[in-house]
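A quick write-up on the structure given underneath.
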Amino acid sequence: MPTASPEAQAIRELAAAYERMTEQIGKVIVGQSTVVEQLLMAMFSRGHCLLVGVPGLAKTLLVSTVAKILHLSFKRIQFTPDLMPSDITGTDILQDDPETGRRKFTFLPGPLFANIILADEINRTPPKTQAALLEAMQEHHVTAGGHTYPLPEPFFVLATQNPIEQEGTYPLPEAQQDRFMFNIRVNYPNREEEIRIMKATTSTHKVELTPILDGSQIQELQRVVRQAVVADHVFAYAADLVRATRPKEPGVPKFIPELVAWGAGPRASQYLILGGKARAVLHGRLHVTTEDIKEVAYPVLRHRMMTTFNADAEGITTDQIIQRLIETIPTPTEEAAAKVRR
């Protein structure tokens, strides 16, 4: 009997770990299976997430639960209007050196120095502090007093936003939202789920969680995700989908210039492929399909398109535009791509 390749074995291990993780999360979080899947896809792609939902939908509980089952350090930062960049990155403090008797500056790390950061209500803090967080997300280090300090690996930022309270907030500019791999919508539970939530949260029952993976295992599995195979026709479909969001691109569907003022950039194409790889691997597959791309199109594209006044006036959301794009853009097949190559 032929032995499985190391890549296939690693993918089986990650798929099995994913099943155990969803089982553990399900002990605490009722429903929200799509949110959980998208969150874990982003983490195994080394991406950051923006979770958008009204208060009380367990966004904070979900993130802390993920940190527990992944056996990672976790810090929650409550973003407020008076929060300064040094409050999250850390700062130099003056201390006495017992050996020399002199005073010297010593770096005191801020709460960013953890594996998983929950940036709670990121739109409540001024742009300067938002920028400090986004720089750390991009570079995986912070700079203070002319020195650079690396952040622990793996490093994930999961930011939350409340979509209904706009007074006293500083909405993230589109260019900064682009730094987040996924924009994940957290919706209300259905009736059955809401009853289960009431039963679970109004009793004395305590849930015991079992850690599944540690930091080094996660980094190894992140490398496995990158090894997933993507055929040329899947690359072509991801490119077609992203380019169709740009109103000035030749040959885009007629509804795009009417509804979209500004489309997605190249980072969207990269994240479609990475998200597709993560979804394939989490479901035990070594190759990415166009269906994987369609599934991750919503969290990848919804915050990378700016709608026009016409779309806003008609109440058309970016999700509805993405759905129309998926229905409109032809899905290429491997056979068609092979003919083009010949």
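By convention here, the chains of the structure tokens are called A, B, ... in the order presented, each chain's residues are numbered starting at 1, and ligands are numbered starting at 1 in the order presented.
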
message: List as number ranges by chain the protein and nucleic acid residues near Lys294 (chain A), meaning an atom at most 10 Å away when only C-alpha atoms are counted, but skip any in the same chain fewer than 2 places from it.
response: A: 237-238, 241, 272, 276, 289-292, 296-298, 322-323, 325-326, 331

- prompt: Can you list every residue in region 246-307 of chain A that DSSP puts in alpha helix (DSSP H), as a ChimeraX atom specification?
  reply: /A:255-259,266-282,290-301

Let's have the selection written as a compact mmCIF listing (two decimals), in the first residue's frame, with N, CA and C atoms.
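Once written, result23.txt looks like this:
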```
# COMPACT_ATOMS: atom_id res chain seq x y z
N PHE A 255 -23.45 46.69 -14.10
CA PHE A 255 -23.90 47.20 -12.80
C PHE A 255 -22.76 47.70 -11.92
N ILE A 256 -21.53 47.36 -12.24
CA ILE A 256 -20.40 47.76 -11.39
C ILE A 256 -20.18 49.27 -11.39
N PRO A 257 -20.06 49.96 -12.54
CA PRO A 257 -19.89 51.42 -12.49
C PRO A 257 -21.05 52.14 -11.83
N GLU A 258 -22.24 51.55 -11.87
CA GLU A 258 -23.40 52.17 -11.23
C GLU A 258 -23.36 52.04 -9.72
N LEU A 259 -22.78 50.93 -9.22
CA LEU A 259 -22.87 50.62 -7.80
C LEU A 259 -21.55 50.75 -7.04
N PRO A 266 -4.83 44.70 -5.53
CA PRO A 266 -4.15 43.40 -5.68
C PRO A 266 -4.09 42.58 -4.38
N ARG A 267 -4.12 43.24 -3.23
CA ARG A 267 -4.09 42.48 -1.98
C ARG A 267 -5.30 41.55 -1.88
N ALA A 268 -6.43 41.97 -2.47
CA ALA A 268 -7.62 41.12 -2.46
C ALA A 268 -7.36 39.82 -3.21
N SER A 269 -6.67 39.90 -4.35
CA SER A 269 -6.36 38.69 -5.13
C SER A 269 -5.50 37.74 -4.31
N GLN A 270 -4.50 38.29 -3.63
CA GLN A 270 -3.62 37.46 -2.82
C GLN A 270 -4.40 36.76 -1.70
N TYR A 271 -5.28 37.52 -1.05
CA TYR A 271 -6.04 36.95 0.06
C TYR A 271 -7.10 35.96 -0.40
N LEU A 272 -7.63 36.15 -1.62
CA LEU A 272 -8.55 35.14 -2.16
C LEU A 272 -7.84 33.80 -2.30
N ILE A 273 -6.62 33.82 -2.81
CA ILE A 273 -5.87 32.58 -2.99
C ILE A 273 -5.48 31.98 -1.63
N LEU A 274 -4.96 32.82 -0.73
CA LEU A 274 -4.58 32.30 0.59
C LEU A 274 -5.78 31.76 1.35
N GLY A 275 -6.89 32.50 1.30
CA GLY A 275 -8.10 32.03 1.97
C GLY A 275 -8.60 30.73 1.36
N GLY A 276 -8.53 30.64 0.01
CA GLY A 276 -8.91 29.41 -0.66
C GLY A 276 -8.03 28.24 -0.25
N LYS A 277 -6.72 28.49 -0.13
CA LYS A 277 -5.80 27.44 0.33
C LYS A 277 -6.16 26.97 1.73
N ALA A 278 -6.43 27.93 2.64
CA ALA A 278 -6.75 27.57 4.01
C ALA A 278 -8.05 26.77 4.08
N ARG A 279 -9.05 27.18 3.30
CA ARG A 279 -10.33 26.46 3.31
C ARG A 279 -10.15 25.04 2.78
N ALA A 280 -9.38 24.90 1.70
CA ALA A 280 -9.15 23.57 1.14
C ALA A 280 -8.47 22.66 2.16
N VAL A 281 -7.42 23.17 2.78
CA VAL A 281 -6.65 22.36 3.72
C VAL A 281 -7.48 22.01 4.96
N LEU A 282 -8.24 22.97 5.48
CA LEU A 282 -9.06 22.69 6.66
C LEU A 282 -10.11 21.62 6.37
N THR A 290 -12.49 26.46 -7.45
CA THR A 290 -13.16 27.75 -7.62
C THR A 290 -14.25 27.94 -6.56
N GLU A 291 -14.80 26.84 -6.04
CA GLU A 291 -15.80 26.94 -4.97
C GLU A 291 -15.18 27.53 -3.71
N ASP A 292 -13.91 27.18 -3.42
CA ASP A 292 -13.20 27.76 -2.28
C ASP A 292 -13.09 29.28 -2.46
N ILE A 293 -12.77 29.71 -3.67
CA ILE A 293 -12.62 31.14 -3.95
C ILE A 293 -13.96 31.85 -3.75
N LYS A 294 -15.05 31.23 -4.22
CA LYS A 294 -16.37 31.84 -4.05
C LYS A 294 -16.73 31.99 -2.57
N GLU A 295 -16.38 31.00 -1.76
CA GLU A 295 -16.73 31.04 -0.34
C GLU A 295 -15.98 32.15 0.40
N VAL A 296 -14.72 32.37 0.04
CA VAL A 296 -13.94 33.39 0.76
C VAL A 296 -14.08 34.77 0.12
N ALA A 297 -14.81 34.85 -1.00
CA ALA A 297 -14.95 36.14 -1.69
C ALA A 297 -15.65 37.18 -0.81
N TYR A 298 -16.64 36.75 -0.02
CA TYR A 298 -17.39 37.70 0.80
C TYR A 298 -16.52 38.35 1.88
N PRO A 299 -15.85 37.59 2.75
CA PRO A 299 -15.03 38.26 3.77
C PRO A 299 -13.82 38.99 3.21
N VAL A 300 -13.33 38.58 2.02
CA VAL A 300 -12.17 39.25 1.42
C VAL A 300 -12.56 40.56 0.74
N LEU A 301 -13.70 40.58 0.06
CA LEU A 301 -14.04 41.72 -0.79
C LEU A 301 -14.96 42.75 -0.15
```

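With distances restricted to only C-alpha atoms, A:Gln176 is the closest residue to Pro127 (chain A) from A:His147, A:Asn310, A:Gln176, A:Pro111.
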
- prompt: So how far away is CA of Lys128 (chain A) from CA of Glu153 (chain A), in Å?
  reply: 24.6 Å

field: Which residue of A:Ala311, A:Leu286, A:Ala236, A:Ala159 approaches Ala8 (chain A) most closely, using only C-alpha atoms
entry: A:Leu286

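Neighbouring residues of Met84 (chain A) at 8 Å or closer, counting only C-alpha atoms and skipping chain neighbours under 2 positions away, are Asp82, Ser86, Asp87, Ile88, Lys128 and Thr129 of chain A.
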
Go ahead and write the selection's residues with N, CA and C atoms as an mmCIF file, in the first residue's frame.
```
data_model
loop_
_atom_site.group_PDB
_atom_site.id
_atom_site.type_symbol
_atom_site.label_atom_id
_atom_site.label_comp_id
_atom_site.auth_asym_id
_atom_site.auth_seq_id
_atom_site.Cartn_x
_atom_site.Cartn_y
_atom_site.Cartn_z
ATOM 1 N N ASP A 82 -9.089 58.212 24.454
ATOM 2 C CA ASP A 82 -7.870 58.759 25.061
ATOM 3 C C ASP A 82 -6.684 57.794 24.991
ATOM 4 N N SER A 86 1.637 54.665 22.580
ATOM 5 C CA SER A 86 2.531 54.021 23.551
ATOM 6 C C SER A 86 1.776 53.157 24.552
ATOM 7 N N ASP A 87 0.467 53.410 24.710
ATOM 8 C CA ASP A 87 -0.328 52.591 25.626
ATOM 9 C C ASP A 87 -0.479 51.161 25.119
ATOM 10 N N ILE A 88 -0.342 50.960 23.816
ATOM 11 C CA ILE A 88 -0.486 49.610 23.278
ATOM 12 C C ILE A 88 0.852 49.009 22.838
ATOM 13 N N LYS A 128 -4.198 58.063 15.109
ATOM 14 C CA LYS A 128 -2.790 57.847 15.453
ATOM 15 C C LYS A 128 -2.595 56.489 16.134
ATOM 16 N N THR A 129 -3.495 56.138 17.039
ATOM 17 C CA THR A 129 -3.390 54.859 17.733
ATOM 18 C C THR A 129 -3.774 53.711 16.819
#
```

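Excluding Arg185 (chain A) and any residue on its chain fewer than 2 positions from it, the residues at most 8 Å away by only C-alpha atoms are A:Val35, A:Leu51, A:Val52, A:Gly53, A:Asn183, A:Asn187, A:Pro299.
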
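Of the residues under consideration (A:Ala264, A:Ile69, A:Val186, A:Met305), A:Val186 shows the shortest atom-to-atom contact distance to Val54 (chain A) when counting only C-alpha atoms.
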
task: Would you mind listing what lies within 9 Å of Val229 (chain A) as a ChimeraX atom specification, with only C-alpha atoms counted and same-chain residues fewer than 2 positions away left out?
output: /A:226-227,231,277,286-288

task: Please provide as a ChimeraX atom specification all residues within 9 Å of Pro126 (chain A), with the sequence filter that same-chain residues fewer than 3 positions apart are discarded (counting only C-alpha atoms).
output: /A:80-84,122-123,129-131,169-170

Keeping N, CA and C atoms, export the residues of the selection given above as a short mmCIF file (atom, residue, chain, number, x, y, z; two decimals), in the first residue's frame.
```cif
data_model
loop_
_atom_site.label_atom_id
_atom_site.label_comp_id
_atom_site.auth_asym_id
_atom_site.auth_seq_id
_atom_site.Cartn_x
_atom_site.Cartn_y
_atom_site.Cartn_z
N THR A 80 -10.28 53.24 23.38
CA THR A 80 -11.04 54.39 23.87
C THR A 80 -10.47 55.66 23.24
N PRO A 81 -11.21 56.78 23.27
CA PRO A 81 -10.73 58.01 22.62
C PRO A 81 -9.43 58.56 23.20
N ASP A 82 -9.09 58.21 24.45
CA ASP A 82 -7.87 58.76 25.06
C ASP A 82 -6.68 57.79 24.99
N LEU A 83 -6.82 56.69 24.27
CA LEU A 83 -5.74 55.72 24.17
C LEU A 83 -4.63 56.24 23.26
N MET A 84 -3.40 56.21 23.74
CA MET A 84 -2.25 56.69 22.98
C MET A 84 -1.48 55.51 22.38
N ILE A 122 -12.22 49.00 17.74
CA ILE A 122 -11.08 49.72 17.17
C ILE A 122 -11.48 51.08 16.62
N ASN A 123 -12.75 51.25 16.26
CA ASN A 123 -13.19 52.54 15.70
C ASN A 123 -13.47 53.58 16.78
N THR A 129 -3.49 56.14 17.04
CA THR A 129 -3.39 54.86 17.73
C THR A 129 -3.77 53.71 16.82
N GLN A 130 -4.78 53.93 15.96
CA GLN A 130 -5.13 52.91 14.96
C GLN A 130 -3.93 52.61 14.08
N ALA A 131 -3.21 53.65 13.67
CA ALA A 131 -2.06 53.49 12.79
C ALA A 131 -0.95 52.69 13.46
N THR A 169 -16.92 58.10 17.15
CA THR A 169 -16.04 57.06 16.62
C THR A 169 -15.15 57.63 15.53
N TYR A 170 -14.10 56.86 15.21
CA TYR A 170 -13.15 57.22 14.15
C TYR A 170 -13.10 56.05 13.17
#
```

task: State, in Å with one decimal place, the distance from CA of Phe309 (chain A) to CA of Leu50 (chain A).
output: 24.5 Å

Can you check which parts of region 49-135 of chain A lie within 8 Å of region 209-225 of chain A? Per residue, the shortest pair of atoms and distance in Å to one decimal, counting only C-alpha atoms, sorted by chain and number, as CSV.
```
residue,atom,partner,partner_atom,distance
A:Lys68,CA,A:Pro211,CA,6.2
A:Ile69,CA,A:Pro211,CA,3.9
A:Leu70,CA,A:Leu213,CA,4.8
A:His71,CA,A:Asp214,CA,5.2
A:Leu72,CA,A:Gly215,CA,6.5
```

Keeping only C-alpha atoms, take the residues you just selected and write them out as a PDB file, in the first residue's frame.
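Written out: out.pdb:
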```
ATOM      1  CA  LYS A  68      -7.575  29.077  25.091  1.00  0.00           C
ATOM      2  CA  ILE A  69      -7.908  26.111  22.745  1.00  0.00           C
ATOM      3  CA  LEU A  70      -4.805  27.193  20.829  1.00  0.00           C
ATOM      4  CA  HIS A  71      -2.734  27.496  24.007  1.00  0.00           C
ATOM      5  CA  LEU A  72      -1.586  31.007  23.065  1.00  0.00           C
TER       6      LEU A  72
END
```

- prompt: Running DSSP on the backbone, which parts of region 209-301 of chain A land in strand (DSSP E), as a list in words?
  reply: Val229, Val230, Val260, Ala261, Trp262, His287 and Val288 of chain A

- prompt: Which residues come within 10 Å of Glu194 (chain A), counting only C-alpha atoms, excluding same-chain residues fewer than 6 positions away, as a ChimeraX atom specification?
  reply: /A:30-31,188,200

Keeping only C-alpha atoms, write the selected residues as a PDB file, in the first residue's frame.
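Once everything was written out, this is selection33.pdb:
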```
ATOM      1  CA  VAL A  30     -23.593  28.477  19.998  1.00  0.00           C
ATOM      2  CA  GLY A  31     -23.917  28.524  16.192  1.00  0.00           C
ATOM      3  CA  TYR A 188     -27.893  37.441  15.151  1.00  0.00           C
ATOM      4  CA  ALA A 200     -26.263  27.686  28.606  1.00  0.00           C
TER       5      ALA A 200
END
```
